[in-house]
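Trainee: I'm passing along work.txt; it holds compact mmCIF, C-alpha atoms.
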# COMPACT_ATOMS: atom_id res chain seq x y z
CA MET A 1 32.89 -20.46 14.45
CA SER A 2 35.72 -20.96 11.98
CA GLY A 3 37.95 -18.10 10.93
CA HIS A 4 36.66 -18.50 7.39
CA SER A 5 33.06 -18.10 8.52
CA LYS A 6 34.04 -15.08 10.60
CA TRP A 7 35.82 -13.51 7.63
CA ALA A 8 32.87 -14.29 5.34
CA GLY A 9 30.57 -12.50 7.76
CA ILE A 10 32.85 -9.47 7.92
CA LYS A 11 33.10 -9.35 4.12
CA HIS A 12 29.33 -9.72 3.79
CA LYS A 13 28.56 -6.80 6.12
CA LYS A 14 31.28 -4.67 4.54
CA ALA A 15 29.82 -5.30 1.09
CA ILE A 16 26.37 -4.14 2.21
CA ILE A 17 27.70 -0.97 3.84
CA ASP A 18 30.19 0.22 1.24
CA ALA A 19 29.85 -1.68 -2.03
CA LYS A 20 32.04 -0.76 -4.97
CA LYS A 21 29.18 0.21 -7.23
CA GLY A 22 30.80 -0.33 -10.63
CA LYS A 23 31.92 -3.90 -9.92
CA GLU A 24 28.80 -4.67 -7.92
CA PHE A 25 26.63 -3.68 -10.88
CA THR A 26 28.71 -5.73 -13.32
CA LYS A 27 28.58 -8.84 -11.15
CA ALA A 28 24.90 -8.39 -10.29
CA ALA A 29 24.04 -8.02 -13.99
CA ALA A 30 25.95 -11.20 -14.84
CA MET A 31 24.19 -13.17 -12.10
CA ILE A 32 20.78 -11.96 -13.28
CA THR A 33 21.61 -12.86 -16.89
CA ILE A 34 22.81 -16.36 -15.98
CA ALA A 35 19.75 -17.00 -13.79
CA ALA A 36 17.40 -15.83 -16.55
CA LYS A 37 19.26 -17.94 -19.11
CA GLN A 38 18.95 -21.07 -16.96
CA GLY A 39 15.45 -20.67 -15.54
CA GLY A 40 13.55 -18.07 -17.54
CA GLY A 41 12.83 -14.40 -17.03
CA ASP A 42 9.94 -14.57 -14.54
CA PRO A 43 11.26 -14.10 -10.97
CA LYS A 44 8.04 -15.56 -9.56
CA MET A 45 8.87 -18.87 -11.24
CA ASN A 46 12.67 -18.62 -11.01
CA PHE A 47 13.99 -18.46 -7.44
CA ALA A 48 17.62 -18.00 -8.52
CA LEU A 49 16.59 -14.99 -10.58
CA ARG A 50 14.68 -13.57 -7.62
CA LEU A 51 17.79 -13.88 -5.43
CA ALA A 52 19.93 -12.21 -8.10
CA ILE A 53 17.46 -9.34 -8.43
CA ASP A 54 17.41 -8.90 -4.64
CA LYS A 55 21.21 -8.59 -4.62
CA ALA A 56 21.09 -6.07 -7.45
CA LYS A 57 18.50 -3.98 -5.62
CA ALA A 58 20.60 -4.13 -2.43
CA ALA A 59 23.45 -2.58 -4.46
CA ASN A 60 21.00 0.11 -5.70
CA MET A 61 21.20 -1.12 -9.28
CA PRO A 62 18.67 0.80 -11.44
CA SER A 63 15.56 -1.10 -12.53
CA VAL A 64 16.34 -0.47 -16.20
CA ASN A 65 19.68 -2.28 -15.78
CA ILE A 66 17.94 -5.20 -14.10
CA GLU A 67 15.41 -5.49 -16.93
CA ARG A 68 18.16 -5.30 -19.55
CA SER A 69 20.09 -8.10 -17.82
CA ILE A 70 17.00 -10.31 -17.71
CA LYS A 71 16.32 -9.76 -21.41
CA LYS A 72 19.94 -10.54 -22.24
CA GLY A 73 19.62 -13.86 -20.43
CA THR A 74 16.36 -14.78 -22.16
CA GLY A 75 17.79 -13.86 -25.57
CA GLU A 76 15.46 -10.91 -26.21
CA LEU A 77 18.41 -8.58 -26.81
CA GLY A 78 20.40 -10.99 -28.94
CA GLY A 79 24.01 -11.95 -28.34
CA ALA A 80 25.32 -14.70 -26.10
CA ALA A 81 24.81 -14.75 -22.33
CA PRO A 82 27.99 -15.11 -20.25
CA ASP A 83 29.25 -18.57 -19.34
CA GLU A 84 29.34 -19.75 -15.72
CA LEU A 85 32.76 -21.24 -14.85
CA THR A 86 34.58 -22.65 -11.83
CA TYR A 87 38.34 -22.55 -11.23
CA GLU A 88 40.25 -24.47 -8.58
CA GLY A 89 43.57 -23.88 -6.88
CA TYR A 90 45.61 -23.63 -3.71
CA ALA A 91 46.70 -20.79 -1.46
CA GLN A 92 49.51 -20.95 1.11
CA ALA A 93 49.49 -23.77 3.70
CA GLY A 94 47.65 -26.05 1.27
CA VAL A 95 44.39 -24.10 1.61
CA ALA A 96 41.93 -25.09 -1.13
CA VAL A 97 40.37 -22.29 -3.17
CA LEU A 98 37.26 -22.52 -5.34
CA VAL A 99 36.55 -19.57 -7.67
CA GLU A 100 33.19 -18.97 -9.37
CA ALA A 101 33.11 -16.68 -12.40
CA MET A 102 30.84 -15.48 -15.19
CA THR A 103 32.44 -14.42 -18.44
CA ASP A 104 31.97 -13.72 -22.13
CA ASN A 105 35.66 -14.44 -22.73
CA ARG A 106 36.95 -17.70 -21.23
CA ASN A 107 40.58 -17.10 -22.22
CA ARG A 108 40.70 -13.66 -20.61
CA THR A 109 39.14 -14.84 -17.37
CA ALA A 110 41.31 -17.95 -17.07
CA SER A 111 44.42 -15.84 -17.65
CA GLU A 112 43.40 -13.28 -15.02
CA VAL A 113 42.59 -15.94 -12.42
CA ARG A 114 45.82 -17.83 -13.09
CA SER A 115 48.00 -14.72 -12.90
CA THR A 116 46.32 -13.66 -9.66
CA PHE A 117 47.01 -17.04 -8.06
CA THR A 118 50.64 -16.77 -9.14
CA LYS A 119 51.09 -13.14 -8.06
CA TYR A 120 49.85 -13.84 -4.54
CA GLY A 121 51.76 -17.08 -3.96
CA GLY A 122 49.10 -19.61 -4.86
CA ASN A 123 48.68 -21.89 -7.84
CA MET A 124 45.91 -23.11 -10.13
CA ALA A 125 44.90 -26.78 -10.01
CA GLU A 126 43.20 -29.20 -12.36
CA THR A 127 39.41 -29.49 -12.43
CA GLY A 128 38.25 -31.66 -9.54
CA ALA A 129 41.40 -31.17 -7.48
CA VAL A 130 39.66 -29.31 -4.64
CA ALA A 131 35.94 -29.19 -5.50
CA TYR A 132 35.26 -32.37 -3.51
CA LEU A 133 36.37 -30.52 -0.35
CA PHE A 134 33.31 -28.24 -0.56
CA GLU A 135 29.56 -28.81 -0.34
CA LYS A 136 26.93 -26.59 -1.93
CA LYS A 137 24.65 -25.08 0.70
CA GLY A 138 22.15 -22.29 1.12
CA GLN A 139 22.96 -19.44 3.49
CA ILE A 140 20.61 -16.77 4.80
CA TYR A 141 21.62 -13.67 6.74
CA LEU A 142 19.49 -11.85 9.32
CA ASN A 143 20.53 -8.71 11.18
CA SER A 144 19.33 -9.24 14.74
CA HIS A 145 18.94 -5.48 15.28
CA ASP A 146 16.40 -5.24 12.42
CA GLN A 147 14.02 -7.81 13.88
CA LYS A 148 10.86 -7.12 15.90
CA ALA A 149 10.96 -10.61 17.46
CA THR A 150 12.86 -11.50 20.63
CA PRO A 151 16.10 -13.54 20.34
CA ASP A 152 14.27 -16.64 21.62
CA ASP A 153 11.51 -16.22 19.03
CA ILE A 154 14.06 -15.66 16.26
CA GLU A 155 15.90 -18.87 17.13
CA LEU A 156 12.65 -20.83 17.40
CA ALA A 157 11.59 -19.56 13.95
CA ILE A 158 14.96 -20.59 12.52
CA ILE A 159 14.64 -24.09 14.00
CA ASP A 160 11.05 -24.44 12.77
CA SER A 161 12.01 -23.25 9.27
CA GLY A 162 13.86 -26.47 8.46
CA ALA A 163 17.33 -24.93 8.49
CA GLU A 164 20.28 -27.23 9.14
CA ASP A 165 22.22 -24.91 11.44
CA PHE A 166 22.68 -21.27 12.46
CA ASP A 167 25.26 -19.04 14.11
CA LEU A 168 25.07 -15.57 15.67
CA SER A 169 28.13 -13.31 15.46
CA ASP A 170 28.35 -9.52 15.77
CA GLY A 171 24.58 -9.23 15.58
CA VAL A 172 24.23 -11.22 12.34
CA TYR A 173 22.54 -14.62 12.14
CA THR A 174 24.08 -16.88 9.49
CA ILE A 175 21.60 -19.65 8.73
CA THR A 176 22.71 -22.72 6.77
CA THR A 177 20.35 -24.89 4.73
CA ARG A 178 20.53 -27.72 2.25
CA ALA A 179 20.83 -26.23 -1.23
CA VAL A 180 17.39 -27.55 -2.21
CA ASP A 181 15.82 -26.07 0.94
CA LEU A 182 17.04 -22.49 0.54
CA GLN A 183 13.80 -21.18 -0.96
CA SER A 184 11.48 -22.93 1.53
CA VAL A 185 13.56 -21.87 4.55
CA LYS A 186 13.75 -18.26 3.37
CA GLU A 187 9.99 -18.17 2.82
CA ALA A 188 9.36 -19.75 6.23
CA LEU A 189 11.47 -17.09 7.93
CA GLU A 190 9.66 -14.32 6.08
CA THR A 191 6.30 -15.87 7.00
CA ALA A 192 7.46 -15.70 10.64
CA ASP A 193 7.87 -11.93 10.10
CA LEU A 194 11.67 -11.99 10.11
CA LYS A 195 13.52 -9.56 7.86
CA VAL A 196 15.99 -11.39 5.59
CA ASP A 197 19.01 -9.29 4.63
CA ASP A 198 20.40 -11.68 2.03
CA ALA A 199 20.23 -15.27 0.81
CA GLU A 200 22.54 -17.19 -1.47
CA LEU A 201 23.76 -20.55 -2.66
CA THR A 202 27.39 -20.97 -1.69
CA PHE A 203 30.09 -23.58 -1.12
CA ILE A 204 30.91 -24.57 2.47
CA PRO A 205 34.18 -26.39 3.26
CA LYS A 206 33.77 -29.98 4.49
CA THR A 207 37.14 -29.76 6.25
CA GLU A 208 39.30 -26.76 7.11
CA VAL A 209 43.01 -26.03 7.33
CA LYS A 210 43.93 -24.29 10.59
CA VAL A 211 46.21 -21.30 9.91
CA ALA A 212 47.67 -19.93 13.13
CA ASP A 213 50.57 -17.99 11.61
CA GLU A 214 49.75 -14.29 11.09
CA THR A 215 52.01 -13.85 8.05
CA THR A 216 50.57 -16.88 6.27
CA ALA A 217 47.02 -15.85 7.15
CA GLY A 218 47.64 -12.40 5.68
CA LYS A 219 48.92 -13.88 2.42
CA ILE A 220 45.86 -16.13 2.11
CA LEU A 221 43.43 -13.28 2.71
CA ARG A 222 45.25 -11.04 0.21
CA LEU A 223 44.93 -13.77 -2.44
CA VAL A 224 41.21 -14.18 -1.69
CA ASP A 225 40.67 -10.40 -1.84
CA ALA A 226 42.56 -10.11 -5.14
CA LEU A 227 40.52 -12.91 -6.72
CA GLU A 228 37.26 -11.34 -5.51
CA ASP A 229 38.31 -8.02 -7.05
CA LEU A 230 38.51 -9.54 -10.55
CA GLU A 231 35.60 -8.25 -12.61
CA ASP A 232 34.52 -11.68 -13.89
CA VAL A 233 34.70 -13.40 -10.48
CA THR A 234 31.41 -13.66 -8.59
CA SER A 235 32.57 -15.51 -5.47
CA VAL A 236 35.60 -17.14 -3.86
CA HIS A 237 35.54 -19.98 -1.33
CA ALA A 238 38.50 -21.22 0.72
CA ASN A 239 38.79 -23.87 3.43
CA PHE A 240 40.90 -22.01 5.99
CA ASP A 241 40.30 -21.65 9.73
CA ILE A 242 42.04 -18.55 11.09
CA PRO A 243 41.68 -17.85 14.85
CA GLU A 244 39.70 -14.71 15.57
CA GLU A 245 42.58 -13.10 17.49
CA ILE A 246 44.70 -13.25 14.31
CA LEU A 247 41.85 -12.08 12.06
CA GLU A 248 41.44 -9.00 14.26
CA LYS A 249 45.06 -8.02 13.60
CA LEU A 250 44.73 -8.24 9.80
Kindly transcribe the structure held in the file into structure tokens.
Mentor:
Amino acid sequence: MSGHSKWAGIKHKKAIIDAKKGKEFTKAAAMITIAAKQGGGDPKMNFALRLAIDKAKAANMPSVNIERSIKKGTGELGGAAPDELTYEGYAQAGVAVLVEAMTDNRNRTASEVRSTFTKYGGNMAETGAVAYLFEKKGQIYLNSHDQKATPDDIELAIIDSGAEDFDLSDGVYTITTRAVDLQSVKEALETADLKVDDAELTFIPKTEVKVADETTAGKILRLVDALEDLEDVTSVHANFDIPEEILEKL
């Protein structure tokens, strides 16, 4: 497993256990609004909206907030829904960084992202500079300790679901699918009586930059953390591969 995948898994589990509620609610609301804007307000007919609602519920977002976010996206409350934007840049060691954001103020968000890159030793890049280094995929997470099935049965169900690949680390299965197959694979796993913790569309690096220096690795992770902490940023992707022995020291 790459260092980036390992770090993503750690971040994912940490977010479930001790989410920062204020920012989680803000980001969850924006994702719901965008999904409703793009595909309508019925989660039965809009898989992206259903995923966004699941994330909001996992963060214990009140139902009234979820309903308000849906209505904002469908235009029932008036006003403009936030825009979905992507920013590109570089961290130390030439590591490519792709930042996804949702905002009602493009100038504010661009300024915050740019200043964060600069503050932590990275730099913004032109559109298209690094996006080609990533591929959009579906990812599904299962906690092995929450499953009734045996490990062999879990792996057989994953293979039969149509997933592209899977990995088990620290008790968490990370299952990768084609973007278009995310819904069908998730439903197949649930039909096999497996409990799905989370599912998302994300960007997976096609190639990775190996970072074996502890100081450089620390700088890259601090930049990624700072970008993720920005209120308008929904996700950050970077193509680094940090050995696990270095990750454990950071």
Trainee: Find, counting all atoms listed in the file, the residue in A:Ala101, A:Met61, A:Ile140, A:Leu201 that gets nearest to A:Glu84.
Mentor: A:Ala101
Trainee: Excluding A:Asp213 and residues on its chain fewer than 5 positions from it, collect all residues at most 10 Å away from it, counting all atoms listed in the file, and give them as a ChimeraX atom specification.
Mentor: /A:93,218,242-243,246
Trainee: Tell me, as a list in words, which residues lie within 7 Å of A:Val211, counting all atoms listed in the file; anything in the same chain fewer than 4 positions away does not count.
Mentor: Ala217, Phe240, Asp241 and Ile242 of chain A
Trainee: Nearest to A:Ala58: which of A:Ala28, A:Ile220, A:Val99, A:Met45 is it, counting all atoms listed in the file?
Mentor: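 Closest residue, counting all atoms listed in the file: A:Ala28.
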Trainee: I want to know what sits within 8 Å of stretch 155-157 of chain A, based on only C-alpha atoms, with residues of the same chain fewer than 4 positions away left out; could you give that as a list in words?
Mentor: Pro151, Ser161, Leu189 and Ala192 of chain A
Trainee: Which neighbours of A:Asp104 fall inside 12 Å, counting only C-alpha atoms, when residues of the same chain fewer than 4 positions from it are skipped, and could you give them as an MDAnalysis selection string?
Mentor: chainID A and resid 30 33:34 79:85 108:110 231:233
Trainee: What is the distance between atom CA of A:Glu67 and atom CA of A:Val185, in Å to one decimal?
Mentor: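 Here the two named atoms are 27.1 Å from each other.
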Trainee: So, with all atoms listed in the file as the atoms that count, which of A:Ala52, A:Ile204, A:Val130, A:Ile70 lies closest to A:Arg178?
Mentor: A:Ile204
Trainee: Give the answer as one residue: which of A:Ala129, A:Leu247, A:Ala91, A:Val64 has the shortest atom-to-atom distance to A:Thr116, using all atoms listed in the file?
Mentor: A:Ala91
Trainee: Can you tell me how far atom CA of A:Lys23 sits from atom CA of A:Gly171, in Å to one decimal?
Mentor: 27.1 Å
Trainee: Excluding A:Ser235 and its own-chain neighbours fewer than 2 positions away, which residues fall within 12 Å of it when counting only C-alpha atoms? Please give them as JSON, numbers by chain.
Mentor: {"A": [8, 11, 12, 24, 27, 28, 31, 84, 85, 86, 87, 97, 98, 99, 100, 101, 102, 200, 201, 202, 203, 224, 225, 226, 227, 228, 229, 230, 231, 232, 233, 237, 238]}
Trainee: Of the candidates A:Ala59, A:Ala36, A:Val172, A:Leu49, which shows the shortest atom-to-atom distance to A:Gln147, using all atoms listed in the file?
Mentor: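 Of A:Ala59, A:Ala36, A:Val172, A:Leu49, the one nearest A:Gln147, counting all atoms listed in the file, is A:Val172.
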Trainee: Restricting the calculation to all atoms listed in the file, which member of A:Val196, A:Asp153, A:Glu187, A:Gln92 is positioned closest to A:Thr118?
Mentor: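 Of all the options, A:Gln92 lies closest to A:Thr118.
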Trainee: Counting only C-alpha atoms, I want the residues whose atoms come within 8 Å of (22.6, -5.6, 14.2) in the file frame, returned as an NGL selection string.
Mentor: :A and (143-146 or 170-172)
Trainee: For atom CA of A:Ile53 and atom CA of A:Tyr173, quote the distance in Å rounded to one decimal.
Mentor: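 Separating atom CA of A:Ile53 from atom CA of A:Tyr173 is a distance of 21.8 Å.
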Trainee: Is it possible to get the axis-aligned box enclosing stretch 131-138 of chain A (all listed atoms, 5 Å extra per side) as AutoDock Vina command-line options, with centre and edge lengths in Å rounded to one decimal?
Mentor:
--center_x 29.3 --center_y -27.3 --center_z -2.2 --size_x 24.2 --size_y 20.1 --size_z 16.6
